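Q: Coordinates in structure-v5.cif, mmCIF, C-alpha atoms (C1' of nucleotides), are listed below.
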```cif
data_input
#
loop_
_atom_site.label_atom_id
_atom_site.label_comp_id
_atom_site.auth_asym_id
_atom_site.auth_seq_id
_atom_site.Cartn_x
_atom_site.Cartn_y
_atom_site.Cartn_z
CA MET A 247 0.00 0.00 0.00
CA SER A 248 0.89 3.66 -0.25
CA MET A 249 2.37 3.04 -3.67
CA SER A 250 -0.57 4.29 -5.68
CA HIS A 251 1.37 4.58 -8.91
CA GLY A 252 1.54 1.23 -10.58
CA CYS A 253 5.26 0.87 -11.02
CA ARG A 254 8.09 -0.30 -8.88
CA MET A 255 10.75 2.07 -7.81
CA GLY A 256 13.98 1.59 -6.01
CA ASP A 257 17.12 0.12 -7.54
CA VAL A 258 18.71 3.48 -8.14
CA ALA A 259 22.17 2.35 -7.20
CA THR A 260 21.77 -1.34 -7.82
CA THR A 261 20.62 -1.54 -11.40
CA VAL A 262 21.54 -3.04 -14.71
CA GLN A 263 25.28 -3.56 -14.30
CA GLN A 264 25.40 -6.14 -17.03
CA ASP A 265 29.04 -7.01 -16.78
CA ARG A 266 28.64 -10.52 -18.10
CA PRO A 267 29.51 -10.43 -21.78
CA PRO A 268 27.85 -13.83 -22.52
CA THR A 269 24.38 -12.43 -21.71
CA PRO A 270 23.76 -9.76 -24.31
CA GLY A 271 20.05 -10.42 -24.83
CA GLN A 272 19.16 -9.18 -21.38
CA GLU A 273 18.53 -5.55 -22.33
CA ALA A 274 16.84 -3.08 -20.04
CA GLY A 275 13.88 -5.31 -19.34
CA GLU A 276 12.66 -3.31 -16.36
CA GLU A 277 10.41 -0.44 -17.33
CA PRO A 278 11.98 2.67 -15.86
CA CYS A 279 9.13 4.34 -14.01
CA TRP A 280 8.81 6.69 -11.09
CA PRO A 281 5.90 8.39 -9.39
CA ALA A 282 4.94 11.46 -11.40
CA LEU A 283 5.90 14.73 -9.81
CA SER A 284 2.26 15.76 -10.03
CA GLU A 285 1.05 12.89 -7.88
CA ALA A 286 0.15 14.99 -4.90
CA PRO A 287 2.19 14.59 -1.74
CA LEU A 288 5.40 13.01 -2.88
CA ARG A 289 6.62 10.80 -0.07
CA ARG A 290 10.09 11.36 1.27
CA ALA A 291 11.39 7.97 0.23
CA ASP A 292 10.17 8.45 -3.34
CA ALA A 293 11.69 11.91 -3.40
CA GLU A 294 15.02 10.44 -2.37
CA THR A 295 14.88 7.91 -5.16
CA LEU A 296 14.03 10.51 -7.77
CA ALA A 297 16.67 12.88 -6.50
CA GLY A 298 19.19 10.10 -6.77
CA VAL A 299 18.61 9.70 -10.49
CA LEU A 300 18.36 13.42 -11.11
CA ARG A 301 21.60 14.05 -9.28
CA ALA A 302 23.26 11.69 -11.71
CA ILE A 303 22.54 14.00 -14.63
CA ALA A 304 22.87 17.24 -12.67
CA ASP A 305 26.55 17.55 -13.46
CA PRO A 306 28.18 19.28 -16.42
CA ALA A 307 30.68 16.51 -17.07
CA ARG A 308 27.99 13.84 -17.05
CA LEU A 309 25.72 15.88 -19.28
CA GLN A 310 28.56 16.16 -21.74
CA LEU A 311 29.14 12.43 -21.49
CA ILE A 312 25.50 11.73 -22.31
CA SER A 313 25.70 14.13 -25.23
CA LEU A 314 28.91 12.58 -26.50
CA ILE A 315 27.67 9.01 -26.20
CA GLN A 316 24.47 9.82 -28.04
CA ALA A 317 26.35 11.56 -30.83
CA ALA A 318 28.87 8.76 -31.16
CA ARG A 319 28.93 6.32 -34.04
CA GLY A 320 26.47 3.51 -33.37
CA GLY A 321 25.23 5.28 -30.27
CA GLU A 322 28.05 3.96 -28.18
CA ALA A 323 31.47 5.16 -27.12
CA CYS A 324 34.45 3.80 -25.26
CA VAL A 325 36.20 5.62 -22.46
CA CYS A 326 39.17 6.39 -24.66
CA ASP A 327 36.94 8.43 -26.95
CA LEU A 328 35.51 10.44 -24.09
CA VAL A 329 38.55 11.47 -22.09
CA ALA A 330 39.93 14.01 -24.56
CA PRO A 331 36.67 15.87 -25.34
CA LEU A 332 35.91 16.23 -21.66
CA GLY A 333 39.32 17.52 -20.71
CA LEU A 334 39.29 15.44 -17.53
CA SER A 335 41.55 12.66 -16.35
CA GLN A 336 40.72 9.07 -17.27
CA PRO A 337 39.92 8.07 -13.67
CA THR A 338 37.53 10.99 -13.36
CA VAL A 339 35.74 10.09 -16.59
CA SER A 340 35.52 6.51 -15.40
CA HIS A 341 34.04 7.73 -12.16
CA HIS A 342 31.35 9.78 -13.91
CA LEU A 343 30.46 6.87 -16.14
CA LYS A 344 30.03 4.70 -13.09
CA VAL A 345 27.62 7.23 -11.61
CA LEU A 346 25.56 7.13 -14.80
CA LEU A 347 25.78 3.36 -14.81
CA ASP A 348 24.59 3.04 -11.23
CA ALA A 349 21.68 5.35 -12.03
CA GLY A 350 20.71 3.06 -14.87
CA LEU A 351 21.14 5.80 -17.46
CA VAL A 352 23.82 3.96 -19.44
CA THR A 353 24.88 0.38 -19.97
CA ARG A 354 28.38 -0.99 -20.30
CA SER A 355 29.58 -3.77 -22.52
CA ARG A 356 33.17 -4.84 -22.73
CA ARG A 357 34.67 -5.86 -26.04
CA GLY A 358 38.30 -6.75 -25.90
CA SER A 359 39.99 -4.38 -23.56
CA TRP A 360 37.56 -1.60 -24.40
CA ALA A 361 34.44 -0.71 -22.46
CA TYR A 362 31.61 0.62 -24.60
CA TYR A 363 28.95 2.76 -23.01
CA ARG A 364 25.47 3.18 -24.43
CA LEU A 365 22.50 5.29 -23.35
CA VAL A 366 19.28 3.84 -21.95
CA PRO A 367 16.80 6.15 -23.72
CA GLU A 368 13.80 4.73 -21.85
CA ARG A 369 15.37 5.87 -18.64
CA LEU A 370 15.87 9.39 -19.95
CA ALA A 371 12.36 9.42 -21.37
CA ALA A 372 10.91 8.34 -18.04
CA LEU A 373 12.74 11.17 -16.39
CA ALA A 374 11.36 13.59 -18.95
CA GLN A 375 7.83 12.34 -18.56
CA LEU A 376 8.17 12.81 -14.86
CA LEU A 377 8.68 16.54 -15.18
CA ALA A 378 5.89 17.04 -17.69
CA MET B 105 27.85 32.46 -33.04
CA SER B 106 28.37 28.96 -31.72
CA MET B 107 24.85 29.05 -30.34
CA SER B 108 23.20 26.97 -33.03
CA HIS B 109 20.01 26.43 -31.08
CA GLY B 110 17.78 29.42 -31.48
CA CYS B 111 17.22 30.31 -27.86
CA ARG B 112 19.08 32.29 -25.30
CA MET B 113 20.51 30.63 -22.29
CA GLY B 114 22.18 31.95 -19.22
CA ASP B 115 20.38 33.56 -16.28
CA VAL B 116 20.30 30.46 -14.22
CA ALA B 117 20.94 32.24 -10.98
CA THR B 118 19.68 35.68 -11.99
CA THR B 119 16.18 35.08 -13.21
CA VAL B 120 12.64 36.12 -12.57
CA GLN B 121 12.81 37.35 -9.00
CA GLN B 122 9.64 39.39 -9.39
CA ASP B 123 9.57 40.91 -5.95
CA ARG B 124 7.63 43.98 -7.04
CA PRO B 125 3.99 43.35 -6.12
CA PRO B 126 2.60 46.18 -8.34
CA THR B 127 3.68 44.37 -11.53
CA PRO B 128 1.62 41.20 -11.64
CA GLY B 129 1.04 41.12 -15.39
CA GLN B 130 4.69 40.46 -16.09
CA GLU B 131 4.49 36.66 -15.99
CA ALA B 132 7.31 34.45 -17.21
CA GLY B 133 7.72 36.27 -20.47
CA GLU B 134 11.05 34.68 -21.28
CA GLU B 135 10.67 31.35 -23.02
CA PRO B 136 12.65 28.88 -20.92
CA CYS B 137 14.84 27.11 -23.43
CA TRP B 138 18.13 25.29 -23.36
CA PRO B 139 20.19 23.45 -25.94
CA ALA B 140 18.69 20.01 -26.39
CA LEU B 141 20.76 17.21 -24.94
CA SER B 142 20.77 15.62 -28.35
CA GLU B 143 22.48 18.56 -30.04
CA ALA B 144 25.76 16.86 -30.62
CA PRO B 145 28.79 18.06 -28.71
CA LEU B 146 27.35 19.94 -25.77
CA ARG B 147 29.75 22.73 -24.93
CA ARG B 148 31.09 22.94 -21.43
CA ALA B 149 29.48 26.30 -20.70
CA ASP B 150 26.07 25.04 -21.81
CA ALA B 151 26.53 21.91 -19.75
CA GLU B 152 27.24 24.03 -16.70
CA THR B 153 24.07 26.03 -17.26
CA LEU B 154 21.94 22.93 -17.64
CA ALA B 155 23.53 21.26 -14.66
CA GLY B 156 22.75 24.33 -12.62
CA VAL B 157 19.02 24.02 -13.24
CA LEU B 158 19.02 20.26 -12.88
CA ARG B 159 20.87 20.47 -9.59
CA ALA B 160 18.03 22.65 -8.32
CA ILE B 161 15.55 19.81 -8.64
CA ALA B 162 17.99 17.01 -7.82
CA ASP B 163 17.20 17.18 -4.14
CA PRO B 164 14.52 15.27 -2.22
CA ALA B 165 13.41 18.26 -0.19
CA ARG B 166 13.04 20.44 -3.28
CA LEU B 167 11.19 17.73 -5.19
CA GLN B 168 8.76 17.51 -2.30
CA LEU B 169 8.41 21.28 -2.35
CA ILE B 170 7.54 21.25 -6.04
CA SER B 171 5.04 18.49 -5.43
CA LEU B 172 3.48 20.30 -2.50
CA ILE B 173 3.23 23.64 -4.29
CA GLN B 174 1.60 22.03 -7.30
CA ALA B 175 -0.90 20.19 -5.15
CA ALA B 176 -1.73 23.26 -3.09
CA ARG B 177 -4.98 25.18 -3.40
CA GLY B 178 -4.72 27.63 -6.28
CA GLY B 179 -1.35 26.22 -7.26
CA GLU B 180 0.45 28.30 -4.70
CA ALA B 181 1.64 27.84 -1.15
CA CYS B 182 3.22 29.94 1.54
CA VAL B 183 6.24 28.89 3.55
CA CYS B 184 4.15 28.27 6.63
CA ASP B 185 2.24 25.55 4.77
CA LEU B 186 5.42 23.82 3.65
CA VAL B 187 7.51 23.61 6.80
CA ALA B 188 5.44 20.98 8.58
CA PRO B 189 5.01 18.52 5.67
CA LEU B 190 8.72 18.62 4.94
CA GLY B 191 9.82 18.06 8.51
CA LEU B 192 12.62 20.57 8.12
CA SER B 193 13.30 23.84 9.89
CA GLN B 194 11.85 27.07 8.51
CA PRO B 195 15.25 28.50 7.52
CA THR B 196 16.05 25.32 5.63
CA VAL B 197 12.75 25.40 3.76
CA SER B 198 13.36 29.05 2.94
CA HIS B 199 16.78 28.13 1.65
CA HIS B 200 15.42 25.42 -0.65
CA LEU B 201 12.76 27.77 -1.97
CA LYS B 202 15.45 30.30 -2.78
CA VAL B 203 17.35 27.70 -4.75
CA LEU B 204 14.22 26.95 -6.77
CA LEU B 205 13.60 30.67 -7.17
CA ASP B 206 17.12 31.36 -8.42
CA ALA B 207 16.73 28.52 -10.91
CA GLY B 208 13.57 30.14 -12.22
CA LEU B 209 11.46 27.12 -11.33
CA VAL B 210 9.16 29.00 -8.96
CA THR B 211 8.05 32.58 -8.49
CA ARG B 212 7.44 34.42 -5.26
CA SER B 213 4.76 36.99 -4.50
CA ARG B 214 4.34 38.57 -1.11
CA ARG B 215 0.86 39.27 0.22
CA GLY B 216 0.81 40.73 3.67
CA SER B 217 3.49 39.03 5.67
CA TRP B 218 3.13 35.82 3.72
CA ALA B 219 5.27 34.76 0.78
CA TYR B 220 3.41 32.69 -1.78
CA TYR B 221 5.37 30.43 -4.08
CA ARG B 222 4.07 29.24 -7.42
CA LEU B 223 5.54 26.87 -10.01
CA VAL B 224 6.75 27.99 -13.45
CA PRO B 225 5.42 25.06 -15.49
CA GLU B 226 7.07 26.26 -18.71
CA ARG B 227 10.41 25.92 -17.01
CA LEU B 228 9.68 22.36 -15.91
CA ALA B 229 8.35 21.55 -19.36
CA ALA B 230 11.48 22.89 -21.00
CA LEU B 231 13.54 20.71 -18.74
CA ALA B 232 11.42 17.71 -19.67
CA GLN B 233 11.69 18.41 -23.39
CA LEU B 234 15.42 18.63 -23.00
CA LEU B 235 15.69 15.03 -21.90
CA ALA B 236 13.36 13.68 -24.53
"C1'" DA C 19 5.16 53.50 20.01
"C1'" DG C 20 5.44 48.36 20.85
"C1'" DT C 21 4.55 43.56 19.94
"C1'" DC C 22 4.00 39.64 17.32
"C1'" DA C 23 3.91 36.44 13.37
"C1'" DG C 24 5.85 35.12 8.95
"C1'" DT C 25 10.26 35.07 6.23
"C1'" DA C 26 14.84 35.88 5.01
"C1'" DT C 27 19.69 36.00 6.03
"C1'" DC C 28 23.94 34.75 8.58
"C1'" DG C 29 27.49 31.77 10.55
"C1'" DA C 30 28.87 27.32 11.56
"C1'" DC C 31 29.19 22.60 11.06
"C1'" DA C 32 29.10 17.70 9.16
"C1'" DG C 33 28.73 15.13 5.25
"C1'" DA C 34 28.68 14.56 0.24
"C1'" DT C 35 31.02 15.33 -4.19
"C1'" DG C 36 34.51 16.21 -8.03
"C1'" DT C 37 39.06 15.80 -8.99
"C1'" DC C 38 43.59 13.86 -9.31
"C1'" DG C 39 47.83 10.63 -9.15
"C1'" DA C 40 49.07 6.07 -8.03
"C1'" DT C 41 48.00 1.52 -8.40
"C1'" DG C 42 45.44 -2.74 -9.57
"C1'" DT C 43 43.12 -5.70 -13.11
"C1'" DC C 44 42.21 -7.53 -17.42
"C1'" DT C 45 43.00 -8.44 -22.35
"C1'" DC C 46 45.53 -8.74 -26.41
"C1'" DA C 47 49.87 -9.18 -29.25
"C1'" DC C 48 54.43 -10.74 -29.60
"C1'" DG D 4 55.45 -15.38 -20.20
"C1'" DT D 5 56.35 -10.47 -21.03
"C1'" DG D 6 54.96 -6.23 -22.17
"C1'" DA D 7 51.72 -2.73 -23.39
"C1'" DG D 8 47.30 -0.63 -23.59
"C1'" DA D 9 42.48 0.23 -21.70
"C1'" DC D 10 39.95 0.64 -17.88
"C1'" DA D 11 38.62 0.42 -12.81
"C1'" DT D 12 39.60 1.22 -8.07
"C1'" DC D 13 41.86 3.46 -4.14
"C1'" DG D 14 43.27 7.26 -1.14
"C1'" DA D 15 43.62 11.98 -0.50
"C1'" DC D 16 42.35 16.49 -0.97
"C1'" DA D 17 39.60 20.88 -1.73
"C1'" DT D 18 35.19 22.40 -2.47
"C1'" DC D 19 30.28 22.33 -2.46
"C1'" DT D 20 25.87 21.44 -0.06
"C1'" DG D 21 22.20 20.60 3.38
"C1'" DT D 22 21.13 21.53 7.82
"C1'" DC D 23 20.45 24.06 11.99
"C1'" DG D 24 20.11 27.90 15.66
"C1'" DA D 25 20.44 32.67 16.15
"C1'" DT D 26 19.27 36.89 14.36
"C1'" DA D 27 17.55 40.51 11.31
"C1'" DC D 28 13.84 42.08 8.52
"C1'" DT D 29 8.94 43.18 7.27
"C1'" DG D 30 4.18 44.01 7.62
"C1'" DA D 31 -0.07 43.86 10.54
"C1'" DC D 32 -2.45 44.85 14.59
"C1'" DT D 33 -2.95 47.07 19.11
#
```
Kindly present the structure from the file in structure tokens form.

A:
Amino acid sequence: MSMSHGCRMGDVATTVQQDRPPTPGQEAGEEPCWPALSEAPLRRADAETLAGVLRAIADPARLQLISLIQAARGGEACVCDLVAPLGLSQPTVSHHLKVLLDAGLVTRSRRGSWAYYRLVPERLAALAQLLA
Amino acid sequence: MSMSHGCRMGDVATTVQQDRPPTPGQEAGEEPCWPALSEAPLRRADAETLAGVLRAIADPARLQLISLIQAARGGEACVCDLVAPLGLSQPTVSHHLKVLLDAGLVTRSRRGSWAYYRLVPERLAALAQLLA
DNA sequence: AGTCAGTATCGACAGATGTCGATGTCTCAC
DNA sequence: GTGAGACATCGACATCTGTCGATACTGACT
């Protein structure tokens, strides 16, 4: 009870994380859905969850990362392609990507020694719908 | 030049602020518009601007404030109505409201000794469109 | 005038966050 | 196996941020 909106929340920091390369068909099967901002008294716990995801994109470096990944060939980019445009150190870029990954906004797939990051558009769309 | 998107940015922290009560017809005349996230290489300055607005809503207390204001009678609420539901001190609530105000997400109008806050839906909508 | 209620600002503090260099881990090529 | 390259993690640091109590401000009502 008390969850009037018909979608499960949670898993802000414990999402996708598909590190296993042999399971590529797993996709983002969970519909990304949060309680709409307009649903009257937003409970504190829900607000924390939403804020967690929003905080992930409320950073200039991470916004640039999202922009760069989306504009990249095939909609994916490896870390090595992102370090130079951002003008930040490789560890810092890796850190930001992890934040986006934990928020479920990007997925990671390793090919060889490269790690390719890809957006999860449903997640972004859900966020957008939330504000509208 | 270099601003390919046809809308002006800036004024993240120096917006609306319509404190003058005798000018009520002034509304949010400025169309709230930012460079879409999909417009290829997001420049650092633009990313900072966007992050500034996003950071304003990336906080549980402020999300609850937005929710409460929207749900309030007449679409507006005074500080006294917001302190109790949030479970935070009055100065803290005032602080959060100022953050939202500086981001242009709410407006303030004083009537008597009360300060009524009201959402700027266009601003929220612009933010939503940005992610979609 | 004086008082009081509603808000805003100030100063201080603890905790979170962005950043880096150093180091660890993994994969491929030789 | 050795080495090199790509990436992640760790530890440390400076800065930002949320929170509060104390205080100042503002308008209304005696």

Q: Quick one: residues within 9 Å of range 19-36 of chain C, all atoms listed in the file, excluding same-chain residues fewer than 2 positions away - as number ranges by chain?

A: A: 338; B: 183-184, 194-195, 198-199, 217-219; D: 18-23, 25-29, 31-33

Q: Please, what distance in Å, to one decimal, runs between CA of Leu288 in chain A and CA of Pro189 in chain B?

A: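 Interatomic distance, CA of Leu288 in chain A to CA of Pro189 in chain B: 10.2 Å.
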
Q: Give the residues of chain A that lie within 8 Å of chain B; count only C-alpha atoms, and format the answer as a VMD selection string.

A: chain A and resid 283 to 290 293 to 301 303 to 307 309 to 310 312 to 314 316 to 317 370 to 371 373 to 378

Q: Using only C-alpha atoms (C1' of nucleotides), find each residue in chain D having at least one atom no more than 12 Å away from range 352-358 of chain A; report its shortest atom-to-atom pair and that distance in Å (one decimal), rows by chain then rising number, as a Markdown table.

A:
```
| residue | atom | partner | partner_atom | distance |
| --- | --- | --- | --- | --- |
| D:DG8 | C1' | A:Gly358 | CA | 11.1 |
| D:DA9 | C1' | A:Gly358 | CA | 9.2 |
| D:DC10 | C1' | A:Arg356 | CA | 10.0 |
```

Q: Generate a file of the selected residues that holds C-alpha atoms (C1' of nucleotides), formatted as a PDB file, in the coordinates of the input.

A:
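The file below, result39.pdb, is the result:
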```pdb
ATOM      1  C1'  DG D   8      47.300  -0.630 -23.590  1.00  0.00           C
ATOM      2  C1'  DA D   9      42.480   0.230 -21.700  1.00  0.00           C
ATOM      3  C1'  DC D  10      39.950   0.640 -17.880  1.00  0.00           C
TER       4       DC D  10
END
```

Q: Up to 8 Å from chain A, what residues of chain C turn up? Count only C-alpha atoms (C1' of nucleotides) and give them as a ChimeraX atom specification.

A: /C:37-38,44-46

Q: Can you work out which one of A:Leu365, A:Gly350, A:Val339, A:Glu322 has the shortest atom-to-atom distance to chain D, counting all atoms listed in the file?

A: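 Ranking A:Leu365, A:Gly350, A:Val339, A:Glu322 by distance to chain D, first place goes to A:Val339.
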
Q: Expressed in Å to a single decimal, how great is the separation between CA of Arg364 in chain A and CA of Ala323 in chain A?

A: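 Value for the CA of Arg364 in chain A-CA of Ala323 in chain A distance: 6.9 Å.
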
Q: Padding of 3 Å on every side, edges along x, y and z, all listed atoms of range 22-41 of chain C included: what centre and edge lengths in Å, to one decimal, does that box have, as lines of an AutoDock Vina configuration file?

A:
```
center_x = 26.5
center_y = 20.6
center_z = 4.0
size_x = 51.2
size_y = 44.1
size_z = 32.6
```

Q: State, in Å with one decimal place, the distance from C1' of DG4 in chain D to C1' of DC48 in chain C.

A: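 It comes out at 10.5 Å.
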
Q: Between D:DG24, D:DG30, D:DA17, D:DT5, single out the one closest to chain B, counting only C-alpha atoms (C1' of nucleotides).

A: D:DG30

Q: List the residues selected by the PyMOL selection byres ((chain D and resi 12-16) around 8) in the file shown, writing them as an MDAnalysis selection string.

A: (chainID C and resid 41:42) or (chainID D and resid 11 17)
